[in-house]
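Visitor: TSV, C-alpha atoms and all ligand atoms, file input27.tsv:
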chain	number	residue	atom	x	y	z
A	1	MET	CA	39.99	128.36	90.74
A	2	PHE	CA	41.36	125.38	92.62
A	3	GLY	CA	39.87	122.41	94.37
A	4	GLY	CA	41.59	121.01	97.48
A	5	LYS	CA	43.78	118.53	95.58
A	6	GLU	CA	44.95	121.08	93.01
A	7	LEU	CA	45.63	123.59	95.73
A	8	ARG	CA	47.79	121.16	97.70
A	9	HIS	CA	49.62	120.29	94.47
A	10	ALA	CA	50.17	123.97	93.65
A	11	ILE	CA	51.55	124.52	97.11
A	12	SER	CA	54.07	121.72	96.89
A	13	MET	CA	55.09	122.79	93.35
A	14	ALA	CA	55.66	126.31	94.51
A	15	SER	CA	57.64	125.45	97.61
A	16	ARG	CA	60.96	126.19	95.89
A	17	TRP	CA	59.81	129.78	95.57
A	18	SER	CA	58.95	129.98	99.20
A	19	ARG	CA	62.27	131.25	100.44
A	20	ALA	CA	62.57	134.00	97.88
A	21	SER	CA	58.98	135.02	98.37
A	22	CYS	CA	59.24	134.99	102.15
A	23	ASN	CA	62.11	137.41	101.80
A	24	LEU	CA	60.13	139.66	99.48
A	25	ARG	CA	58.70	141.84	102.20
A	26	SER	CA	62.02	142.15	103.99
A	27	ASN	CA	63.69	143.11	100.71
A	28	LEU	CA	60.99	145.66	100.01
A	29	TYR	CA	61.51	147.01	103.49
A	30	ARG	CA	65.27	147.36	102.95
A	31	TRP	CA	64.80	148.84	99.50
A	32	ASN	CA	62.31	151.41	100.77
A	33	LYS	CA	64.56	152.32	103.67
A	34	THR	CA	67.59	152.82	101.39
A	35	PHE	CA	65.54	154.77	98.88
A	36	ILE	CA	64.02	157.01	101.53
A	37	HIS	CA	67.32	157.64	103.25
A	38	THR	CA	69.07	158.44	99.98
A	39	SER	CA	66.35	160.84	98.91
A	40	SER	CA	65.99	162.43	102.35
A	41	CYS	CA	69.70	163.29	102.39
A	42	HIS	CA	68.82	166.08	99.99
A	43	ARG	CA	65.52	167.26	101.42
A	44	LYS	CA	64.15	166.86	104.93
A	45	CYS	CA	60.41	166.50	105.19
A	46	GLU	CA	58.58	169.49	106.63
A	47	LEU	CA	58.12	169.77	110.40
A	48	THR	CA	54.78	168.24	111.40
A	49	SER	CA	53.92	171.25	113.54
A	50	LYS	CA	54.29	173.55	110.52
A	51	ARG	CA	52.55	171.38	108.00
A	52	TYR	CA	49.49	170.75	110.15
A	53	GLN	CA	49.55	174.07	112.03
A	54	VAL	CA	49.05	172.29	115.36
A	55	LYS	CA	49.46	174.24	118.57
A	56	ARG	CA	51.97	173.09	121.16
A	57	GLY	CA	50.43	172.21	124.55
A	58	LYS	CA	51.42	174.13	127.67
A	59	TYR	CA	54.43	171.96	128.45
A	60	ASN	CA	57.76	173.19	129.71
A	61	GLU	CA	60.83	173.22	127.53
A	62	ILE	CA	63.66	170.98	128.62
A	63	ASN	CA	66.45	172.77	130.51
A	64	GLU	CA	69.92	172.07	131.94
A	65	GLU	CA	68.53	170.99	135.29
A	66	ASN	CA	66.31	168.38	133.61
A	67	ILE	CA	69.29	167.06	131.62
A	68	LYS	CA	71.29	166.81	134.85
A	69	PHE	CA	68.54	164.69	136.41
A	70	PHE	CA	68.38	162.32	133.43
A	71	THR	CA	72.17	162.05	133.28
A	72	GLU	CA	72.32	161.13	136.96
A	73	LEU	CA	69.57	158.55	136.47
A	74	LEU	CA	70.85	156.89	133.28
A	75	GLY	CA	74.51	157.87	133.04
A	76	PRO	CA	75.96	159.94	130.17
A	77	HIS	CA	75.73	157.21	127.52
A	78	ARG	CA	72.01	156.58	127.71
A	79	ILE	CA	70.93	160.12	127.00
A	80	ILE	CA	71.33	161.40	123.45
A	81	GLU	CA	71.20	165.07	122.57
A	82	GLY	CA	71.58	167.01	119.35
A	83	GLU	CA	69.63	167.53	116.15
A	84	SER	CA	71.78	165.43	113.84
A	85	GLU	CA	72.05	162.54	116.35
A	86	LEU	CA	68.27	162.50	116.68
A	87	GLU	CA	67.39	162.92	113.01
A	88	GLY	CA	66.44	159.26	112.54
A	89	HIS	CA	64.33	159.33	115.72
A	90	ASN	CA	62.55	162.58	114.82
A	91	THR	CA	61.50	161.36	111.37
A	92	ASP	CA	59.13	158.46	110.74
A	93	TRP	CA	59.83	155.47	108.51
A	94	LEU	CA	57.88	156.88	105.56
A	95	ASP	CA	59.64	160.22	105.91
A	96	THR	CA	56.31	162.03	106.04
A	97	VAL	CA	56.30	163.53	109.55
A	98	ARG	CA	59.09	165.19	111.50
A	99	GLY	CA	59.39	166.33	115.07
A	100	ALA	CA	62.00	168.51	116.75
A	101	SER	CA	63.00	166.62	119.87
A	102	SER	CA	66.43	167.44	121.24
A	103	VAL	CA	66.66	164.63	123.81
A	104	LEU	CA	66.32	160.85	123.66
A	105	LEU	CA	66.46	158.65	126.75
A	106	LYS	CA	67.32	154.95	126.80
A	107	PRO	CA	66.08	153.31	129.99
A	108	LYS	CA	66.90	149.66	130.64
A	109	THR	CA	64.40	148.81	133.36
A	110	THR	CA	60.81	149.40	134.41
A	111	GLU	CA	62.10	151.31	137.44
A	112	GLU	CA	64.01	153.73	135.21
A	113	VAL	CA	60.95	154.26	132.99
A	114	SER	CA	58.91	154.92	136.11
A	115	ALA	CA	61.44	157.46	137.43
A	116	ILE	CA	61.56	159.24	134.04
A	117	LEU	CA	57.78	159.47	133.66
A	118	SER	CA	57.21	160.53	137.24
A	119	TYR	CA	59.83	163.29	136.84
A	120	CYS	CA	58.44	164.43	133.47
A	121	ASN	CA	54.92	164.49	134.88
A	122	HIS	CA	56.04	166.57	137.84
A	123	HIS	CA	57.96	169.02	135.63
A	124	ARG	CA	55.35	169.16	132.84
A	125	LEU	CA	57.66	167.74	130.18
A	126	ALA	CA	55.98	166.00	127.23
A	127	VAL	CA	57.23	162.56	126.13
A	128	CYS	CA	56.96	160.26	123.11
A	129	PRO	CA	57.48	156.49	123.55
A	130	GLN	CA	59.40	154.97	120.65
A	131	GLY	CA	60.09	151.35	119.72
A	132	GLY	CA	61.67	150.44	116.38
A	133	ASN	CA	60.17	153.54	114.70
A	134	THR	CA	58.66	151.47	111.89
A	135	GLY	CA	55.10	152.69	112.45
A	136	LEU	CA	53.43	153.94	109.29
A	137	VAL	CA	51.01	156.43	110.81
A	138	GLY	CA	53.40	158.93	112.37
A	139	GLY	CA	52.74	158.03	116.02
A	140	SER	CA	56.31	157.02	116.79
A	141	VAL	CA	57.92	160.44	116.41
A	142	PRO	CA	57.38	163.66	118.35
A	143	VAL	CA	55.19	166.43	116.95
A	144	PHE	CA	57.10	169.17	118.78
A	145	ASP	CA	60.04	168.84	121.16
A	146	GLU	CA	58.77	165.91	123.25
A	147	ILE	CA	61.43	163.83	124.98
A	148	ILE	CA	61.77	160.53	123.11
A	149	ILE	CA	61.79	157.51	125.42
A	150	SER	CA	63.29	154.68	123.42
A	151	THR	CA	62.86	151.01	124.38
A	152	ASN	CA	66.00	150.08	122.44
A	153	LEU	CA	67.87	148.80	125.50
A	154	MET	CA	64.89	147.07	127.10
A	155	ASN	CA	65.58	143.89	125.20
A	156	LYS	CA	65.82	141.08	127.74
A	157	VAL	CA	63.91	137.83	127.39
A	158	GLU	CA	63.08	137.00	130.99
A	159	ASN	CA	61.59	133.55	130.74
A	160	VAL	CA	60.55	130.91	128.23
A	161	ASP	CA	58.16	128.38	129.72
A	162	THR	CA	58.55	125.36	127.47
A	163	TRP	CA	55.55	123.59	129.04
A	164	SER	CA	53.02	126.32	128.34
A	165	GLY	CA	54.86	128.17	125.52
A	166	VAL	CA	54.47	131.46	127.39
A	167	VAL	CA	57.37	133.87	126.88
A	168	ARG	CA	57.99	136.84	129.18
A	169	CYS	CA	60.17	139.62	127.85
A	170	GLN	CA	60.87	143.32	127.93
A	171	SER	CA	59.10	145.50	125.40
A	172	GLY	CA	62.21	146.49	123.44
A	173	CYS	CA	62.95	143.00	122.09
A	174	VAL	CA	63.20	143.19	118.31
A	175	LEU	CA	60.51	140.92	116.86
A	176	GLU	CA	62.90	138.90	114.68
A	177	ALA	CA	65.46	138.47	117.49
A	178	LEU	CA	62.71	137.32	119.85
A	179	ASP	CA	61.48	134.83	117.27
A	180	GLN	CA	65.02	133.47	116.82
A	181	HIS	CA	65.42	133.20	120.58
A	182	VAL	CA	62.22	131.19	121.05
A	183	ALA	CA	63.11	129.00	118.02
A	184	ASP	CA	65.75	127.35	120.23
A	185	PHE	CA	62.87	126.13	122.39
A	186	GLY	CA	60.83	124.86	119.41
A	187	LEU	CA	58.48	127.85	119.57
A	188	MET	CA	57.62	130.77	117.30
A	189	VAL	CA	56.27	134.26	117.93
A	190	PRO	CA	52.72	134.23	116.49
A	191	LEU	CA	53.35	137.48	114.62
A	192	ASP	CA	55.38	138.16	111.50
A	193	LEU	CA	55.64	141.34	109.46
A	194	GLY	CA	57.97	143.00	106.97
A	195	ALA	CA	59.46	145.28	109.61
A	196	LYS	CA	60.38	142.36	111.89
A	197	GLY	CA	64.10	143.14	111.78
A	198	SER	CA	63.52	146.55	113.41
A	199	CYS	CA	60.13	146.72	115.15
A	200	HIS	CA	59.91	145.97	118.86
A	201	ILE	CA	57.41	143.64	120.50
A	202	GLY	CA	56.28	146.59	122.66
A	203	GLY	CA	55.63	148.60	119.48
A	204	ASN	CA	53.72	145.64	118.05
A	205	VAL	CA	51.54	145.46	121.14
A	206	SER	CA	51.05	149.23	121.24
A	207	THR	CA	49.88	149.24	117.61
A	208	ASN	CA	48.03	145.90	117.86
A	209	ALA	CA	50.01	144.86	114.79
A	210	GLY	CA	48.34	142.22	112.63
A	211	GLY	CA	50.97	140.90	110.25
A	212	LEU	CA	51.01	137.94	107.91
A	213	ARG	CA	49.91	135.17	110.26
A	214	LEU	CA	46.84	136.81	111.79
A	215	LEU	CA	44.69	134.46	109.75
A	216	ARG	CA	46.03	131.51	111.73
A	217	TYR	CA	47.04	132.83	115.12
A	218	GLY	CA	44.53	135.65	115.58
A	219	SER	CA	45.20	139.15	116.90
A	220	LEU	CA	47.48	140.14	119.76
A	221	HIS	CA	44.38	140.51	121.95
A	222	GLY	CA	44.37	136.70	121.95
A	223	SER	CA	48.07	135.84	122.15
A	224	VAL	CA	49.29	138.54	124.55
A	225	LEU	CA	48.50	137.18	128.00
A	226	GLY	CA	50.13	139.81	130.15
A	227	VAL	CA	51.33	143.41	129.96
A	228	GLU	CA	53.31	145.58	132.34
A	229	ALA	CA	53.09	149.31	131.68
A	230	VAL	CA	54.09	152.56	133.34
A	231	LEU	CA	51.49	155.32	133.46
A	232	ALA	CA	52.32	159.00	132.89
A	233	SER	CA	52.42	159.47	136.67
A	234	GLY	CA	55.18	156.86	136.98
A	235	GLU	CA	52.84	154.27	138.51
A	236	VAL	CA	53.59	150.72	137.37
A	237	VAL	CA	50.55	148.72	136.25
A	238	ASP	CA	51.35	145.02	136.58
A	239	CYS	CA	49.04	142.83	134.48
A	240	MET	CA	51.76	140.25	133.82
A	241	THR	CA	49.66	137.15	134.24
A	242	ALA	CA	50.76	134.19	132.15
A	243	MET	CA	47.52	132.32	132.61
A	244	LYS	CA	45.52	131.88	129.43
A	245	LYS	CA	42.24	131.02	131.09
A	246	ASP	CA	42.15	133.99	133.41
A	247	ASN	CA	38.63	135.27	134.00
A	248	THR	CA	39.24	137.27	137.14
A	249	GLY	CA	37.88	140.82	137.00
A	250	TYR	CA	38.62	143.48	134.41
A	251	ASP	CA	41.22	142.60	131.79
A	252	LEU	CA	43.15	145.88	131.82
A	253	LYS	CA	45.93	144.69	129.52
A	254	HIS	CA	43.55	144.97	126.55
A	255	LEU	CA	43.47	148.73	127.00
A	256	PHE	CA	47.20	148.92	126.31
A	257	ILE	CA	47.03	146.71	123.21
A	258	GLY	CA	46.66	149.18	120.33
A	259	SER	CA	46.78	152.29	122.52
A	260	GLU	CA	49.87	153.72	120.69
A	261	GLY	CA	51.49	154.97	123.89
A	262	THR	CA	48.56	157.19	124.84
A	263	LEU	CA	47.86	155.39	128.13
A	264	GLY	CA	51.36	154.53	129.26
A	265	LEU	CA	54.65	153.01	128.22
A	266	VAL	CA	54.55	149.23	127.86
A	267	THR	CA	57.60	147.76	129.60
A	268	LYS	CA	56.99	143.98	129.64
A	269	ILE	CA	54.92	141.43	127.81
A	270	ALA	CA	53.86	137.82	128.33
A	271	ILE	CA	53.00	136.23	125.00
A	272	GLN	CA	51.70	132.78	124.12
A	273	CYS	CA	54.02	131.25	121.50
A	274	PRO	CA	52.80	128.25	119.46
A	275	PRO	CA	55.06	125.32	118.49
A	276	ARG	CA	57.36	126.20	115.59
A	277	PRO	CA	56.11	124.48	112.41
A	278	GLN	CA	58.33	121.71	111.02
A	279	ALA	CA	57.53	122.58	107.41
A	280	VAL	CA	56.47	125.75	105.63
A	281	ASN	CA	55.28	125.78	102.01
A	282	LEU	CA	54.23	128.65	99.84
A	283	ALA	CA	52.19	128.83	96.67
A	284	PHE	CA	52.24	131.79	94.30
A	285	LEU	CA	49.15	131.82	92.10
A	286	GLY	CA	48.09	133.97	89.15
A	287	LEU	CA	44.39	134.79	88.73
A	288	SER	CA	42.38	136.71	86.15
A	289	THR	CA	39.58	138.24	88.26
A	290	TYR	CA	39.05	139.50	91.78
A	291	GLU	CA	36.13	137.12	92.12
A	292	ASN	CA	38.54	134.23	91.56
A	293	VAL	CA	40.74	135.64	94.32
A	294	LEU	CA	37.80	135.49	96.71
A	295	LYS	CA	36.83	131.99	95.59
A	296	THR	CA	40.40	130.78	96.02
A	297	TYR	CA	40.53	132.30	99.50
A	298	VAL	CA	37.35	130.48	100.50
A	299	ALA	CA	38.66	127.22	98.95
A	300	ALA	CA	41.99	127.60	100.77
A	301	LYS	CA	40.24	128.12	104.10
A	302	SER	CA	37.93	125.16	103.71
A	303	LYS	CA	40.33	122.69	102.05
A	304	LEU	CA	43.57	123.48	103.88
A	305	GLY	CA	42.02	123.86	107.32
A	306	GLU	CA	44.40	124.45	110.19
A	307	ILE	CA	47.59	124.24	108.10
A	308	LEU	CA	46.71	127.47	106.26
A	309	SER	CA	48.93	130.11	107.88
A	310	SER	CA	48.82	133.07	105.52
A	311	CYS	CA	46.81	134.22	102.51
A	312	GLU	CA	47.42	137.49	100.70
A	313	PHE	CA	46.63	138.95	97.31
A	314	ILE	CA	48.64	141.33	95.14
A	315	ASP	CA	47.36	143.23	92.12
A	316	ARG	CA	49.26	143.54	88.86
A	317	SER	CA	50.53	147.09	89.34
A	318	SER	CA	51.89	146.27	92.82
A	319	LEU	CA	53.83	143.30	91.47
A	320	GLU	CA	55.16	145.40	88.58
A	321	CYS	CA	56.38	147.95	91.11
A	322	VAL	CA	58.28	145.20	92.96
A	323	GLU	CA	59.70	143.83	89.70
A	324	GLU	CA	60.93	147.23	88.58
A	325	ASN	CA	62.43	148.34	91.84
A	326	LEU	CA	63.83	145.11	93.21
A	327	LYS	CA	64.83	143.76	89.81
A	328	LEU	CA	63.10	140.49	90.63
A	329	LYS	CA	61.54	138.21	88.06
A	330	PRO	CA	58.06	136.93	88.96
A	331	PRO	CA	57.87	133.14	89.24
A	332	ILE	CA	54.87	132.99	86.86
A	333	SER	CA	53.58	134.80	83.77
A	334	SER	CA	51.66	138.08	83.96
A	335	HIS	CA	48.16	138.08	85.51
A	336	GLU	CA	45.71	140.68	86.84
A	337	TYR	CA	45.93	139.30	90.37
A	338	TYR	CA	48.29	137.09	92.34
A	339	MET	CA	47.93	135.24	95.60
A	340	LEU	CA	50.44	134.06	98.15
A	341	ILE	CA	49.16	131.09	100.10
A	342	GLU	CA	51.29	129.73	102.92
A	343	THR	CA	50.81	126.50	104.80
A	344	SER	CA	52.76	125.43	107.83
A	345	GLY	CA	52.57	122.57	110.25
B	401	LIG	C1	57.86	147.07	105.81
B	401	LIG	C2	56.81	147.24	106.87
B	401	LIG	C3	55.83	146.29	106.99
B	401	LIG	C4	54.83	146.43	107.97
B	401	LIG	N1	53.88	145.47	108.05
B	401	LIG	C5	52.90	145.60	108.98
B	401	LIG	C6	51.88	144.59	109.08
B	401	LIG	O1	51.88	143.62	108.35
B	401	LIG	N2	50.94	144.76	110.03
B	401	LIG	C7	50.93	145.84	110.88
B	401	LIG	O2	50.04	145.94	111.74
B	401	LIG	N3	51.89	146.80	110.80
B	401	LIG	C8	52.86	146.71	109.88
B	401	LIG	N4	53.82	147.68	109.78
B	401	LIG	C9	53.79	148.85	110.68
B	401	LIG	C10	54.74	148.72	111.90
B	401	LIG	O3	55.83	147.93	111.64
B	401	LIG	C11	53.99	148.18	113.08
B	401	LIG	O4	53.02	149.12	113.44
B	401	LIG	C12	54.89	147.87	114.30
B	401	LIG	O5	54.07	147.16	115.22
B	401	LIG	C13	55.46	149.09	114.98
B	401	LIG	O6	56.43	148.67	115.94
B	401	LIG	P1	57.63	149.62	116.37
B	401	LIG	O7	58.40	148.99	117.46
B	401	LIG	O8	58.41	150.04	115.18
B	401	LIG	O9	56.84	150.87	116.98
B	401	LIG	P2	57.06	152.41	116.69
B	401	LIG	O10	56.90	152.67	115.24
B	401	LIG	O11	58.29	152.88	117.34
B	401	LIG	O12	55.81	153.02	117.48
B	401	LIG	C14	54.49	152.83	117.02
B	401	LIG	C15	53.52	153.44	118.05
B	401	LIG	O13	53.57	152.71	119.27
B	401	LIG	C16	54.04	153.54	120.34
B	401	LIG	N5	54.96	152.71	121.12
B	401	LIG	C17	56.07	152.06	120.70
B	401	LIG	N6	56.61	151.35	121.69
B	401	LIG	C18	55.83	151.56	122.77
B	401	LIG	C19	55.86	151.09	124.11
B	401	LIG	N7	56.80	150.25	124.56
B	401	LIG	N8	54.88	151.50	124.96
B	401	LIG	C20	53.90	152.35	124.54
B	401	LIG	N9	53.83	152.82	123.29
B	401	LIG	C21	54.78	152.42	122.41
B	401	LIG	C22	54.68	154.75	119.69
B	401	LIG	O14	54.57	155.90	120.52
B	401	LIG	C23	53.83	154.88	118.43
B	401	LIG	O15	52.62	155.53	118.72
B	401	LIG	C24	54.83	147.56	108.83
B	401	LIG	C25	55.84	148.53	108.71
B	401	LIG	C26	56.81	148.38	107.74
B	401	LIG	C27	57.88	149.43	107.65
Produce structure tokens that represent the structure in this file.

Guide:
Amino acid sequence: MFGGKELRHAISMASRWSRASCNLRSNLYRWNKTFIHTSSCHRKCELTSKRYQVKRGKYNEINEENIKFFTELLGPHRIIEGESELEGHNTDWLDTVRGASSVLLKPKTTEEVSAILSYCNHHRLAVCPQGGNTGLVGGSVPVFDEIIISTNLMNKVENVDTWSGVVRCQSGCVLEALDQHVADFGLMVPLDLGAKGSCHIGGNVSTNAGGLRLLRYGSLHGSVLGVEAVLASGEVVDCMTAMKKDNTGYDLKHLFIGSEGTLGLVTKIAIQCPPRPQAVNLAFLGLSTYENVLKTYVAAKSKLGEILSSCEFIDRSSLECVEENLKLKPPISSHEYYMLIETSG
């Protein structure tokens, strides 16, 4: 257990570990990805439709005429066909679910997304929106042969308002790249997670991702100010307000936050970015009981106030797993529980 003074001291003592520890999740992410890809070379996971015995809806199968339409709309290089080319897009990050899509489309603009969805709706073709495909619950890959609509090329930052800190961008911006972009303006994206090098801001909004800094910056329902989305019919819903104190009528954007692509494809986002902290420090603590973890959490919240930006706990077996697989040495001796406490300001 720590009082405020001890906690501040522990944080400054541990700051030299901060860089390595901050990279821990990214390393884990890379390690998992390599491990999964190496193991999946030998054995593909079972098709989702077989494993769960789900019945395909009454949708049409894609044909030559459909391909011709998409090729005319996007050009030959933004439509990908073929089982091996689509393997990574048909299988989720955990390698637990697998679809059988044969076509992936890469629109660049809202208008193209609208044309695709309107056409698919008219021709009864099922679709699956996909961002960075880092989702852990299988929603990012098709179940059957749905057309994958990837936001990979929708990666433009449209505007950074340095007065208000509101950033407007397309939904396919990779979280880490967006954060680096806004860093040049002294801002940060109020969301950080282990998959930041691959996940898209549109995927984050569609999953209402929480991440490491939720404790300080709150959920995306608070920081996302505006959303533009295209409905299945092709209709564009423009809720791209950048005004924080907007109390006019229904706030439709909230429906899209966390809707996992079930209501439409998110094409643009306006997000409130806070000032980038000048200093970040991290403490890594060892504790003997879970009760002490809770007490330390309460102490951190009350003593560190607004500079507390992240607080997580790890149990012994989880840390041992990291040690074994990443060949990392823990910064402190063995304990039942560990805590990562980050301050920034
Ligand atoms: C190492 C690692 C750490 C993670 N840490 C966290 C964490 O701390 N907190 C957390 O919440 N999650 C975490 N995740 C899960 C995942 O990264 C998040 O859910 C992320 O927000 C998904 O973004 P994505 O772009 O990869 O979306 P995808 O995985 O591609 O898609 C996720 C869902 O959103 C839909 N979707 C994607 N883009 C759009 C769009 N533009 N419009 C409509 N629907 C769309 C897809 O259809 C799917 O249903 C982690 C994952 C990994 C691998």

Visitor: With distances taken over all atoms listed in the file, which of A:His123, A:Lys106, A:Lys329, A:Lys301 is nearest to Met154 of chain A?

Guide: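 Closest to Met154 of chain A of all the choices is A:Lys106.
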
Visitor: Which distance in Å separates atom CA of Cys120 of chain A and atom CA of Val54 of chain A, to one decimal?

Guide: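 Atom CA of Val54 of chain A lies 21.9 Å from atom CA of Cys120 of chain A.
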
Visitor: How would you write, as a tab-separated table (two decimals) with C-alpha atoms, keeping the file's coordinate frame, the set of residues no farther than 6 Å from ligand LIG 401 (chain B) when counting only C-alpha atoms and all ligand atoms?

Guide:
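Result file selection-v5.tsv:
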chain	number	residue	atom	x	y	z
A	29	TYR	CA	61.51	147.01	103.49
A	128	CYS	CA	56.96	160.26	123.11
A	129	PRO	CA	57.48	156.49	123.55
A	130	GLN	CA	59.40	154.97	120.65
A	131	GLY	CA	60.09	151.35	119.72
A	132	GLY	CA	61.67	150.44	116.38
A	133	ASN	CA	60.17	153.54	114.70
A	134	THR	CA	58.66	151.47	111.89
A	135	GLY	CA	55.10	152.69	112.45
A	136	LEU	CA	53.43	153.94	109.29
A	139	GLY	CA	52.74	158.03	116.02
A	140	SER	CA	56.31	157.02	116.79
A	171	SER	CA	59.10	145.50	125.40
A	193	LEU	CA	55.64	141.34	109.46
A	194	GLY	CA	57.97	143.00	106.97
A	195	ALA	CA	59.46	145.28	109.61
A	199	CYS	CA	60.13	146.72	115.15
A	200	HIS	CA	59.91	145.97	118.86
A	202	GLY	CA	56.28	146.59	122.66
A	203	GLY	CA	55.63	148.60	119.48
A	204	ASN	CA	53.72	145.64	118.05
A	206	SER	CA	51.05	149.23	121.24
A	207	THR	CA	49.88	149.24	117.61
A	209	ALA	CA	50.01	144.86	114.79
A	210	GLY	CA	48.34	142.22	112.63
A	211	GLY	CA	50.97	140.90	110.25
A	212	LEU	CA	51.01	137.94	107.91
A	260	GLU	CA	49.87	153.72	120.69
A	261	GLY	CA	51.49	154.97	123.89
A	264	GLY	CA	51.36	154.53	129.26
A	265	LEU	CA	54.65	153.01	128.22
A	266	VAL	CA	54.55	149.23	127.86
A	267	THR	CA	57.60	147.76	129.60

Visitor: Just checking: using all atoms listed in the file, which residue out of A:Leu340, A:Ile269, A:Leu220, A:Val293 ends up closest to Glu312 of chain A?

Guide: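 Distance minimum relative to Glu312 of chain A lands on A:Leu340.
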
Visitor: Work out how far apart atom CA of Gln272 of chain A and atom CA of Leu225 of chain A are and give it in Å to one decimal.

Guide: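 So the two atoms, atom CA of Gln272 of chain A and atom CA of Leu225 of chain A, lie 6.7 Å apart.
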
Visitor: Expressed in Å to a single decimal, how great is the separation between atom CA of Lys108 of chain A and atom CA of His77 of chain A?

Guide: 12.0 Å

Visitor: Select from segment 183-290 of chain A every residue with an atom at most 12 Å from any atom of segment 316-320 of chain A, then for each give the shortest pair of atoms and their distance in Å to one decimal, using only C-alpha atoms, rows by chain and rising number, as a Markdown table.

Guide:
| residue | atom | partner | partner_atom | distance |
| --- | --- | --- | --- | --- |
| A:Phe284 | CA | A:Leu319 | CA | 12.0 |
| A:Gly286 | CA | A:Arg316 | CA | 9.6 |
| A:Leu287 | CA | A:Arg316 | CA | 10.0 |
| A:Ser288 | CA | A:Arg316 | CA | 10.1 |
| A:Thr289 | CA | A:Arg316 | CA | 11.1 |
| A:Tyr290 | CA | A:Arg316 | CA | 11.4 |

Visitor: Calculated over all atoms listed in the file, which of the candidates A:Lys327, A:Lys303, A:Lys44, A:Arg276 has the smallest distance to Thr162 of chain A?

Guide: A:Arg276
